[in-house]
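Below is the file coords15.pdb, which contains PDB, C-alpha atoms.
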```pdb
ATOM      1  CA  MET A 215      17.865 -14.699  16.794
ATOM      2  CA  SER A 216      16.588 -15.724  20.226
ATOM      3  CA  SER A 217      12.880 -15.591  21.091
ATOM      4  CA  LYS A 218      13.602 -12.643  23.383
ATOM      5  CA  GLU A 219      15.251 -10.761  20.505
ATOM      6  CA  LYS A 220      12.325 -11.634  18.220
ATOM      7  CA  ASN A 221       9.885 -10.344  20.830
ATOM      8  CA  THR A 222      11.857  -7.118  21.206
ATOM      9  CA  ARG A 223      11.996  -6.641  17.441
ATOM     10  CA  ALA A 224       8.240  -7.246  17.137
ATOM     11  CA  ARG A 225       7.578  -4.788  19.973
ATOM     12  CA  ILE A 226       9.704  -2.135  18.259
ATOM     13  CA  LEU A 227       7.827  -2.625  14.979
ATOM     14  CA  HIS A 228       4.439  -2.551  16.679
ATOM     15  CA  GLU A 229       5.241   0.607  18.618
ATOM     16  CA  THR A 230       6.642   2.311  15.516
ATOM     17  CA  TRP A 231       3.418   1.531  13.658
ATOM     18  CA  GLN A 232       1.310   2.845  16.524
ATOM     19  CA  LEU A 233       3.347   6.044  16.786
ATOM     20  CA  MET A 234       3.076   6.683  13.052
ATOM     21  CA  GLU A 235      -0.704   6.398  13.185
ATOM     22  CA  GLN A 236      -0.990   8.481  16.357
ATOM     23  CA  ARG A 237       1.335  11.255  15.196
ATOM     24  CA  ILE A 238       0.346  11.631  11.574
ATOM     25  CA  GLY A 239       2.401  14.384  10.001
ATOM     26  CA  LYS A 240       5.197  14.220  12.568
ATOM     27  CA  THR A 241       8.566  12.556  12.147
ATOM     28  CA  ILE A 242       9.075   9.603  14.473
ATOM     29  CA  SER A 243      12.589   9.412  15.915
ATOM     30  CA  MET A 244      14.465   6.370  17.147
ATOM     31  CA  SER A 245      14.225   7.898  20.624
ATOM     32  CA  ASP A 246      10.436   8.106  20.316
ATOM     33  CA  VAL A 247      10.313   4.433  19.376
ATOM     34  CA  ALA A 248      12.669   3.423  22.178
ATOM     35  CA  LYS A 249      10.564   5.253  24.755
ATOM     36  CA  ALA A 250       7.328   3.714  23.464
ATOM     37  CA  ALA A 251       8.858   0.228  23.452
ATOM     38  CA  GLY A 252      10.381   0.671  26.921
ATOM     39  CA  ILE A 253      13.939   0.063  25.759
ATOM     40  CA  SER A 254      17.056   2.118  25.152
ATOM     41  CA  ARG A 255      17.747   3.933  21.896
ATOM     42  CA  GLN A 256      20.822   1.752  21.491
ATOM     43  CA  ALA A 257      18.612  -1.347  21.716
ATOM     44  CA  VAL A 258      16.552  -0.074  18.783
ATOM     45  CA  TYR A 259      19.776   0.325  16.781
ATOM     46  CA  LEU A 260      20.757  -3.254  17.618
ATOM     47  CA  HIS A 261      17.744  -4.383  15.581
ATOM     48  CA  PHE A 262      17.644  -1.647  12.917
ATOM     49  CA  GLU A 263      20.717   0.082  11.503
ATOM     50  CA  SER A 264      18.823   3.235  10.514
ATOM     51  CA  ARG A 265      15.440   4.929  10.603
ATOM     52  CA  THR A 266      14.944   3.925   6.985
ATOM     53  CA  ASP A 267      15.520   0.262   7.873
ATOM     54  CA  LEU A 268      13.036   0.627  10.729
ATOM     55  CA  MET A 269      10.386   2.292   8.567
ATOM     56  CA  VAL A 270      10.746  -0.274   5.775
ATOM     57  CA  ALA A 271      10.547  -3.126   8.306
ATOM     58  CA  THR A 272       7.486  -1.539   9.930
ATOM     59  CA  SER A 273       5.671  -1.378   6.602
ATOM     60  CA  LYS A 274       6.510  -5.030   5.926
ATOM     61  CA  TYR A 275       5.403  -5.920   9.463
ATOM     62  CA  VAL A 276       1.997  -4.319   8.891
ATOM     63  CA  ASP A 277       1.675  -6.049   5.506
ATOM     64  CA  GLN A 278       2.406  -9.381   7.177
ATOM     65  CA  LEU A 279       0.054  -8.669  10.078
ATOM     66  CA  LYS A 280      -2.730  -7.802   7.628
ATOM     67  CA  GLY A 281      -2.066 -10.888   5.487
ATOM     68  CA  LEU A 282      -1.112  -9.091   2.284
ATOM     69  CA  ASP A 283       0.591 -12.145   0.754
ATOM     70  CA  ASP A 284      -2.532 -14.261   1.258
ATOM     71  CA  ARG A 285      -4.708 -11.514  -0.187
ATOM     72  CA  LEU A 286      -2.480 -11.247  -3.250
ATOM     73  CA  SER A 287      -3.180 -14.905  -4.060
ATOM     74  CA  LEU A 288      -6.418 -13.662  -5.668
ATOM     75  CA  PHE A 289      -4.375 -11.538  -8.064
ATOM     76  CA  LYS A 290      -1.701 -14.171  -8.640
ATOM     77  CA  SER A 291      -4.281 -16.820  -9.527
ATOM     78  CA  ALA A 292      -5.941 -14.620 -12.161
ATOM     79  CA  THR A 293      -5.381 -15.977 -15.669
ATOM     80  CA  THR A 294      -6.588 -13.083 -17.844
ATOM     81  CA  GLY A 295      -6.074  -9.340 -17.882
ATOM     82  CA  THR A 296      -9.693  -8.635 -16.942
ATOM     83  CA  GLN A 297      -9.480 -11.071 -14.026
ATOM     84  CA  MET A 298      -6.260  -9.377 -12.926
ATOM     85  CA  LEU A 299      -7.926  -5.957 -13.119
ATOM     86  CA  HIS A 300     -10.852  -7.094 -10.973
ATOM     87  CA  ALA A 301      -8.519  -8.822  -8.503
ATOM     88  CA  CYS A 302      -6.213  -5.808  -8.224
ATOM     89  CA  VAL A 303      -9.088  -3.498  -7.297
ATOM     90  CA  ASP A 304     -10.575  -6.094  -4.942
ATOM     91  CA  VAL A 305      -7.305  -6.747  -3.093
ATOM     92  CA  TRP A 306      -6.205  -3.109  -2.937
ATOM     93  CA  GLY A 307      -9.686  -1.790  -2.188
ATOM     94  CA  ASN A 308     -10.094  -4.126   0.783
ATOM     95  CA  PHE A 309      -6.537  -3.551   1.983
ATOM     96  CA  MET A 310      -6.635   0.262   2.007
ATOM     97  CA  PRO A 311      -9.050   0.673   4.937
ATOM     98  CA  GLU A 312      -6.760  -1.488   7.059
ATOM     99  CA  ILE A 313      -3.556   0.404   6.271
ATOM    100  CA  TYR A 314      -5.107   3.849   5.859
ATOM    101  CA  GLY A 315      -3.578   5.268   9.056
ATOM    102  CA  LEU A 316      -0.108   4.084   8.104
ATOM    103  CA  ALA A 317      -0.553   5.355   4.535
ATOM    104  CA  LYS A 318      -1.631   8.788   5.823
ATOM    105  CA  ALA A 319       1.371   8.889   8.142
ATOM    106  CA  LEU A 320       3.748   8.076   5.286
ATOM    107  CA  MET A 321       2.136  10.582   2.921
ATOM    108  CA  ALA A 322       2.224  13.316   5.537
ATOM    109  CA  THR A 323       5.983  13.160   6.027
ATOM    110  CA  ARG A 324       7.413  11.770   2.802
ATOM    111  CA  ASP A 325       8.312  15.203   1.419
ATOM    112  CA  SER A 326      10.440  16.036   4.450
ATOM    113  CA  ASP A 327      11.599  12.623   5.681
ATOM    114  CA  GLU A 328      13.872  10.390   3.581
ATOM    115  CA  ALA A 329      12.979   7.299   5.604
ATOM    116  CA  THR A 330       9.224   7.535   5.078
ATOM    117  CA  ALA A 331       9.757   8.602   1.467
ATOM    118  CA  ALA A 332      11.723   5.384   0.870
ATOM    119  CA  VAL A 333       8.902   3.290   2.302
ATOM    120  CA  TRP A 334       6.189   5.130   0.385
ATOM    121  CA  ASP A 335       8.112   4.990  -2.885
ATOM    122  CA  GLY A 336       8.773   1.274  -2.465
ATOM    123  CA  ASN A 337       5.149   0.472  -1.702
ATOM    124  CA  MET A 338       3.840   2.558  -4.590
ATOM    125  CA  ALA A 339       6.376   1.024  -6.985
ATOM    126  CA  TYR A 340       5.042  -2.405  -6.019
ATOM    127  CA  LEU A 341       1.446  -1.308  -6.617
ATOM    128  CA  LYS A 342       2.461   0.154  -9.976
ATOM    129  CA  SER A 343       4.091  -3.166 -10.916
ATOM    130  CA  ILE A 344       0.750  -4.898 -10.326
ATOM    131  CA  CYS A 345      -0.963  -2.316 -12.525
ATOM    132  CA  ALA A 346       1.725  -2.930 -15.149
ATOM    133  CA  GLN A 347       1.208  -6.702 -15.084
ATOM    134  CA  THR A 348      -2.513  -6.157 -15.594
ATOM    135  CA  ILE A 349      -2.199  -3.716 -18.478
ATOM    136  CA  THR A 350       0.513  -5.792 -20.152
ATOM    137  CA  SER A 351      -1.720  -8.838 -19.951
ATOM    138  CA  LEU A 352      -4.605  -6.922 -21.553
ATOM    139  CA  LYS A 353      -2.252  -5.729 -24.300
ATOM    140  CA  GLN A 354      -0.935  -9.235 -24.987
ATOM    141  CA  GLU A 355      -4.486 -10.584 -25.178
ATOM    142  CA  GLY A 356      -5.461  -7.858 -27.648
ATOM    143  CA  LYS A 357      -7.964  -6.438 -25.165
ATOM    144  CA  LEU A 358      -6.355  -3.112 -24.282
ATOM    145  CA  ALA A 359      -8.501  -0.279 -25.663
ATOM    146  CA  PRO A 360      -6.711   1.043 -28.782
ATOM    147  CA  GLU A 361      -6.480   4.652 -27.604
ATOM    148  CA  TRP A 362      -4.040   3.649 -24.851
ATOM    149  CA  THR A 363      -0.324   3.015 -24.935
ATOM    150  CA  GLU A 364       0.794   0.549 -22.283
ATOM    151  CA  GLU A 365       2.809   3.238 -20.493
ATOM    152  CA  ASP A 366      -0.085   5.709 -20.324
ATOM    153  CA  ALA A 367      -2.588   3.041 -19.300
ATOM    154  CA  ILE A 368      -0.329   1.877 -16.467
ATOM    155  CA  SER A 369       0.122   5.449 -15.198
ATOM    156  CA  VAL A 370      -3.598   6.220 -15.279
ATOM    157  CA  PHE A 371      -4.594   2.877 -13.726
ATOM    158  CA  TRP A 372      -2.070   3.430 -10.915
ATOM    159  CA  THR A 373      -3.370   6.964 -10.360
ATOM    160  CA  MET A 374      -7.032   5.946 -10.391
ATOM    161  CA  ILE A 375      -6.541   3.458  -7.554
ATOM    162  CA  SER A 376      -4.340   5.765  -5.476
ATOM    163  CA  VAL A 377      -4.869   6.212  -1.760
ATOM    164  CA  ASN A 378      -5.836   9.849  -2.391
ATOM    165  CA  ASN A 379      -8.639   8.853  -4.769
ATOM    166  CA  TRP A 380      -9.851   6.085  -2.454
ATOM    167  CA  GLU A 381      -9.865   8.589   0.419
ATOM    168  CA  GLN A 382     -11.783  11.174  -1.619
ATOM    169  CA  LEU A 383     -14.472   8.694  -2.661
ATOM    170  CA  THR A 384     -14.914   6.897   0.667
ATOM    171  CA  LYS A 385     -14.191   9.609   3.212
ATOM    172  CA  GLU A 386     -15.373  12.728   1.383
ATOM    173  CA  CYS A 387     -18.047  11.363  -0.956
ATOM    174  CA  GLY A 388     -19.366   8.770   1.483
ATOM    175  CA  TRP A 389     -19.016   5.666  -0.662
ATOM    176  CA  SER A 390     -18.884   2.375   1.189
ATOM    177  CA  ASN A 391     -15.835   0.258   0.484
ATOM    178  CA  ALA A 392     -18.007  -2.222  -1.405
ATOM    179  CA  GLN A 393     -19.285   0.620  -3.607
ATOM    180  CA  TYR A 394     -15.739   1.787  -4.206
ATOM    181  CA  ILE A 395     -14.625  -1.657  -5.363
ATOM    182  CA  GLU A 396     -17.654  -2.285  -7.574
ATOM    183  CA  LYS A 397     -17.646   1.143  -9.216
ATOM    184  CA  MET A 398     -13.872   1.257  -9.655
ATOM    185  CA  GLN A 399     -13.851  -2.184 -11.270
ATOM    186  CA  HIS A 400     -16.594  -1.041 -13.655
ATOM    187  CA  LEU A 401     -14.860   2.259 -14.419
ATOM    188  CA  LEU A 402     -11.495   0.620 -15.075
ATOM    189  CA  MET A 403     -13.064  -2.019 -17.308
ATOM    190  CA  ARG A 404     -14.815   0.676 -19.354
ATOM    191  CA  THR A 405     -11.622   2.728 -19.478
ATOM    192  CA  PHE A 406      -9.050   0.128 -20.454
ATOM    193  CA  VAL A 407     -10.769  -2.939 -21.936
ATOM    194  CA  ALA A 408     -11.670  -2.798 -25.625
ATOM    195  CA  ASP A 409     -15.392  -3.209 -26.291
ATOM    196  CA  ALA A 410     -16.196  -3.510 -22.566
ATOM    197  CA  VAL A 411     -19.865  -2.966 -21.763
TER     198      VAL A 411
END
```
Could you spell out this file's structure in structure tokens?
Amino acid sequence: MSSKEKNTRARILHETWQLMEQRIGKTISMSDVAKAAGISRQAVYLHFESRTDLMVATSKYVDQLKGLDDRLSLFKSATTGTQMLHACVDVWGNFMPEIYGLAKALMATRDSDEATAAVWDGNMAYLKSICAQTITSLKQEGKLAPEWTEEDAISVFWTMISVNNWEQLTKECGWSNAQYIEKMQHLLMRTFVADAV
């Protein structure tokens, strides 16, 4: 891919991201993206075969722009289940404010738009896999509170750190992000770790 093609692709992704955040709740068409990027609709299709491909690529573009892989090194370097739990909340809690607009845009249209539903489902499946790694580690270490099955603990952990719950606590209840992270880490420890104090 030439540098010109790379620049065009990056411009398409950037404009798609901007449109999603500006038009929360509205479906973004390939024509909308083409107009925003100052190119033809056909040029958008040269880079992305479908709207789903474009939406998935846009989500990955934002993740890369926001340094998600580097942030996840905190989680990947954790050696115990409790460290993983703390790291998961720290990484996700600090990442949410930066992708909140995109997350809201995806949530607003996922019930009526297959493309955004595919992106949302993929992102949430990845987050759930991190929750699963954490709970499985606690279970293997003999630290998972006995009232929990792995499956139920994973589901509740995943739900507790959802965008909706973060939004409720920070936007509606007025918690700072630092408060959210500290209190959620404490709550999750007390919920899932045997004999946690």
Evaluate the PyMOL selection byres ((chain A and resi 392) around 12) here and jot the selected residues down as a compact mmCIF listing (two decimals) with C-alpha atoms, in the coordinates of the input.
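Generated output (part_0.txt):
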```txt
# COMPACT_ATOMS: atom_id res chain seq x y z
CA VAL A 303 -9.09 -3.50 -7.30
CA ASP A 304 -10.58 -6.09 -4.94
CA VAL A 305 -7.30 -6.75 -3.09
CA TRP A 306 -6.20 -3.11 -2.94
CA GLY A 307 -9.69 -1.79 -2.19
CA ASN A 308 -10.09 -4.13 0.78
CA PRO A 311 -9.05 0.67 4.94
CA TRP A 380 -9.85 6.08 -2.45
CA LEU A 383 -14.47 8.69 -2.66
CA THR A 384 -14.91 6.90 0.67
CA GLY A 388 -19.37 8.77 1.48
CA TRP A 389 -19.02 5.67 -0.66
CA SER A 390 -18.88 2.38 1.19
CA ASN A 391 -15.84 0.26 0.48
CA GLN A 393 -19.28 0.62 -3.61
CA TYR A 394 -15.74 1.79 -4.21
CA ILE A 395 -14.62 -1.66 -5.36
CA GLU A 396 -17.65 -2.28 -7.57
CA LYS A 397 -17.65 1.14 -9.22
CA MET A 398 -13.87 1.26 -9.65
CA GLN A 399 -13.85 -2.18 -11.27
```
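Each of A:Ile226, A:Gly356, A:Met403, A:Leu320 was checked against A:Ala332 using all atoms listed in the file; the smallest atom-to-atom distance is that of A:Leu320.
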- [ ] Name every residue that the PyMOL selection byres ((chain A and resi 235) around 10) selects in this structure, writing the answer as a VMD selection string with chains first and numbers rising.
- [x] chain A and resid 229 to 234 236 to 240 313 to 320
Task: For atom CA of A:Ala339 and atom CA of A:Ala410, the interatomic separation in Å (one decimal) - done: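 Atom-to-atom, atom CA of A:Ala339 to atom CA of A:Ala410, that is 27.8 Å.
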Open item on the list: Which residues, named as in the file, does the PyMOL selection byres ((chain A and resi 299) around 10) pick out? Answer as number ranges by chain.
Closed with: A: 289, 292, 294-298, 300-304, 344-345, 347-349, 351-352, 371, 398-400, 402-403, 406-407
Would you export the selected residues with C-alpha atoms as a compact mmCIF listing (two decimals), keeping the file's coordinate frame, please?
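The resulting file, part.txt, is reproduced below:
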```txt
# COMPACT_ATOMS: atom_id res chain seq x y z
CA PHE A 289 -4.38 -11.54 -8.06
CA ALA A 292 -5.94 -14.62 -12.16
CA THR A 294 -6.59 -13.08 -17.84
CA GLY A 295 -6.07 -9.34 -17.88
CA THR A 296 -9.69 -8.64 -16.94
CA GLN A 297 -9.48 -11.07 -14.03
CA MET A 298 -6.26 -9.38 -12.93
CA HIS A 300 -10.85 -7.09 -10.97
CA ALA A 301 -8.52 -8.82 -8.50
CA CYS A 302 -6.21 -5.81 -8.22
CA VAL A 303 -9.09 -3.50 -7.30
CA ASP A 304 -10.58 -6.09 -4.94
CA ILE A 344 0.75 -4.90 -10.33
CA CYS A 345 -0.96 -2.32 -12.52
CA GLN A 347 1.21 -6.70 -15.08
CA THR A 348 -2.51 -6.16 -15.59
CA ILE A 349 -2.20 -3.72 -18.48
CA SER A 351 -1.72 -8.84 -19.95
CA LEU A 352 -4.61 -6.92 -21.55
CA PHE A 371 -4.59 2.88 -13.73
CA MET A 398 -13.87 1.26 -9.65
CA GLN A 399 -13.85 -2.18 -11.27
CA HIS A 400 -16.59 -1.04 -13.66
CA LEU A 402 -11.50 0.62 -15.08
CA MET A 403 -13.06 -2.02 -17.31
CA PHE A 406 -9.05 0.13 -20.45
CA VAL A 407 -10.77 -2.94 -21.94
```
- [ ] Measuring atom to atom with only C-alpha atoms, identify which of A:Arg324, A:Lys290, A:His228, A:Lys249 is nearest to A:Thr266.
- [x]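 Among the listed residues, the smallest separation from A:Thr266 belongs to A:Arg324.
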Open item on the list: Nearest residue to A:Glu355 out of A:Ser369, A:Thr222, A:Thr293, A:Ser264, using all atoms listed in the file?
Closed with: A:Thr293
- [ ] Would you mind telling me which residue in A:Ala248, A:Met269, A:Met310, A:Leu341 lies nearest to A:Asp327 when using only C-alpha atoms?
- [x] A:Met269
Open item on the list: Which residue is closest to A:Arg265? Choose from A:Asp246, A:Asp284, A:Asp366, A:Glu361 and count only C-alpha atoms.
Closed with: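 Of the candidates, the smallest distance to A:Arg265 is held by A:Asp246.
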Mind completing stretch 385-405 of chain A with N, CA, C and O atoms? Output as a PDB file, in the coordinates of the input, please?
```pdb
ATOM      1  N   LYS A 385     -14.125   8.713   2.056  1.00  0.00           N
ATOM      2  CA  LYS A 385     -14.191   9.609   3.212  1.00  0.00           C
ATOM      3  C   LYS A 385     -14.959  10.895   2.905  1.00  0.00           C
ATOM      4  O   LYS A 385     -15.717  11.383   3.742  1.00  0.00           O
ATOM      5  N   GLU A 386     -14.734  11.452   1.725  1.00  0.00           N
ATOM      6  CA  GLU A 386     -15.373  12.728   1.383  1.00  0.00           C
ATOM      7  C   GLU A 386     -16.722  12.554   0.696  1.00  0.00           C
ATOM      8  O   GLU A 386     -17.661  13.293   0.961  1.00  0.00           O
ATOM      9  N   CYS A 387     -16.801  11.561  -0.197  1.00  0.00           N
ATOM     10  CA  CYS A 387     -18.047  11.363  -0.956  1.00  0.00           C
ATOM     11  C   CYS A 387     -18.982  10.359  -0.295  1.00  0.00           C
ATOM     12  O   CYS A 387     -20.134  10.220  -0.721  1.00  0.00           O
ATOM     13  N   GLY A 388     -18.501   9.659   0.715  1.00  0.00           N
ATOM     14  CA  GLY A 388     -19.366   8.770   1.483  1.00  0.00           C
ATOM     15  C   GLY A 388     -19.630   7.404   0.879  1.00  0.00           C
ATOM     16  O   GLY A 388     -20.550   6.705   1.310  1.00  0.00           O
ATOM     17  N   TRP A 389     -18.831   7.004  -0.111  1.00  0.00           N
ATOM     18  CA  TRP A 389     -19.016   5.666  -0.662  1.00  0.00           C
ATOM     19  C   TRP A 389     -18.618   4.625   0.374  1.00  0.00           C
ATOM     20  O   TRP A 389     -17.653   4.813   1.131  1.00  0.00           O
ATOM     21  N   SER A 390     -19.343   3.513   0.398  1.00  0.00           N
ATOM     22  CA  SER A 390     -18.884   2.375   1.189  1.00  0.00           C
ATOM     23  C   SER A 390     -17.704   1.745   0.454  1.00  0.00           C
ATOM     24  O   SER A 390     -17.490   1.995  -0.741  1.00  0.00           O
ATOM     25  N   ASN A 391     -16.961   0.905   1.150  1.00  0.00           N
ATOM     26  CA  ASN A 391     -15.835   0.258   0.484  1.00  0.00           C
ATOM     27  C   ASN A 391     -16.312  -0.676  -0.615  1.00  0.00           C
ATOM     28  O   ASN A 391     -15.687  -0.798  -1.669  1.00  0.00           O
ATOM     29  N   ALA A 392     -17.447  -1.336  -0.384  1.00  0.00           N
ATOM     30  CA  ALA A 392     -18.007  -2.222  -1.405  1.00  0.00           C
ATOM     31  C   ALA A 392     -18.390  -1.428  -2.652  1.00  0.00           C
ATOM     32  O   ALA A 392     -18.151  -1.875  -3.780  1.00  0.00           O
ATOM     33  N   GLN A 393     -18.963  -0.243  -2.461  1.00  0.00           N
ATOM     34  CA  GLN A 393     -19.285   0.620  -3.607  1.00  0.00           C
ATOM     35  C   GLN A 393     -18.027   1.025  -4.346  1.00  0.00           C
ATOM     36  O   GLN A 393     -17.998   1.032  -5.578  1.00  0.00           O
ATOM     37  N   TYR A 394     -17.002   1.392  -3.589  1.00  0.00           N
ATOM     38  CA  TYR A 394     -15.739   1.787  -4.206  1.00  0.00           C
ATOM     39  C   TYR A 394     -15.224   0.672  -5.115  1.00  0.00           C
ATOM     40  O   TYR A 394     -14.862   0.911  -6.267  1.00  0.00           O
ATOM     41  N   ILE A 395     -15.167  -0.538  -4.596  1.00  0.00           N
ATOM     42  CA  ILE A 395     -14.625  -1.657  -5.363  1.00  0.00           C
ATOM     43  C   ILE A 395     -15.465  -1.922  -6.610  1.00  0.00           C
ATOM     44  O   ILE A 395     -14.930  -2.037  -7.721  1.00  0.00           O
ATOM     45  N   GLU A 396     -16.775  -1.994  -6.438  1.00  0.00           N
ATOM     46  CA  GLU A 396     -17.654  -2.285  -7.574  1.00  0.00           C
ATOM     47  C   GLU A 396     -17.562  -1.212  -8.653  1.00  0.00           C
ATOM     48  O   GLU A 396     -17.406  -1.501  -9.842  1.00  0.00           O
ATOM     49  N   LYS A 397     -17.661   0.047  -8.244  1.00  0.00           N
ATOM     50  CA  LYS A 397     -17.646   1.143  -9.216  1.00  0.00           C
ATOM     51  C   LYS A 397     -16.273   1.319  -9.862  1.00  0.00           C
ATOM     52  O   LYS A 397     -16.171   1.623 -11.055  1.00  0.00           O
ATOM     53  N   MET A 398     -15.211   1.118  -9.096  1.00  0.00           N
ATOM     54  CA  MET A 398     -13.872   1.257  -9.655  1.00  0.00           C
ATOM     55  C   MET A 398     -13.583   0.129 -10.643  1.00  0.00           C
ATOM     56  O   MET A 398     -12.985   0.356 -11.709  1.00  0.00           O
ATOM     57  N   GLN A 399     -14.015  -1.080 -10.325  1.00  0.00           N
ATOM     58  CA  GLN A 399     -13.851  -2.184 -11.270  1.00  0.00           C
ATOM     59  C   GLN A 399     -14.580  -1.869 -12.577  1.00  0.00           C
ATOM     60  O   GLN A 399     -14.035  -2.055 -13.670  1.00  0.00           O
ATOM     61  N   HIS A 400     -15.795  -1.380 -12.469  1.00  0.00           N
ATOM     62  CA  HIS A 400     -16.594  -1.041 -13.655  1.00  0.00           C
ATOM     63  C   HIS A 400     -15.924   0.082 -14.452  1.00  0.00           C
ATOM     64  O   HIS A 400     -15.791  -0.004 -15.685  1.00  0.00           O
ATOM     65  N   LEU A 401     -15.500   1.122 -13.760  1.00  0.00           N
ATOM     66  CA  LEU A 401     -14.860   2.259 -14.419  1.00  0.00           C
ATOM     67  C   LEU A 401     -13.574   1.843 -15.136  1.00  0.00           C
ATOM     68  O   LEU A 401     -13.334   2.240 -16.282  1.00  0.00           O
ATOM     69  N   LEU A 402     -12.754   1.048 -14.479  1.00  0.00           N
ATOM     70  CA  LEU A 402     -11.495   0.620 -15.075  1.00  0.00           C
ATOM     71  C   LEU A 402     -11.724  -0.310 -16.267  1.00  0.00           C
ATOM     72  O   LEU A 402     -11.001  -0.244 -17.260  1.00  0.00           O
ATOM     73  N   MET A 403     -12.723  -1.167 -16.162  1.00  0.00           N
ATOM     74  CA  MET A 403     -13.064  -2.019 -17.308  1.00  0.00           C
ATOM     75  C   MET A 403     -13.465  -1.160 -18.498  1.00  0.00           C
ATOM     76  O   MET A 403     -12.997  -1.374 -19.622  1.00  0.00           O
ATOM     77  N   ARG A 404     -14.350  -0.185 -18.262  1.00  0.00           N
ATOM     78  CA  ARG A 404     -14.815   0.676 -19.354  1.00  0.00           C
ATOM     79  C   ARG A 404     -13.688   1.542 -19.910  1.00  0.00           C
ATOM     80  O   ARG A 404     -13.701   1.915 -21.076  1.00  0.00           O
ATOM     81  N   THR A 405     -12.733   1.869 -19.063  1.00  0.00           N
ATOM     82  CA  THR A 405     -11.622   2.728 -19.478  1.00  0.00           C
ATOM     83  C   THR A 405     -10.576   1.987 -20.290  1.00  0.00           C
ATOM     84  O   THR A 405     -10.106   2.506 -21.316  1.00  0.00           O
TER      85      THR A 405
END
```
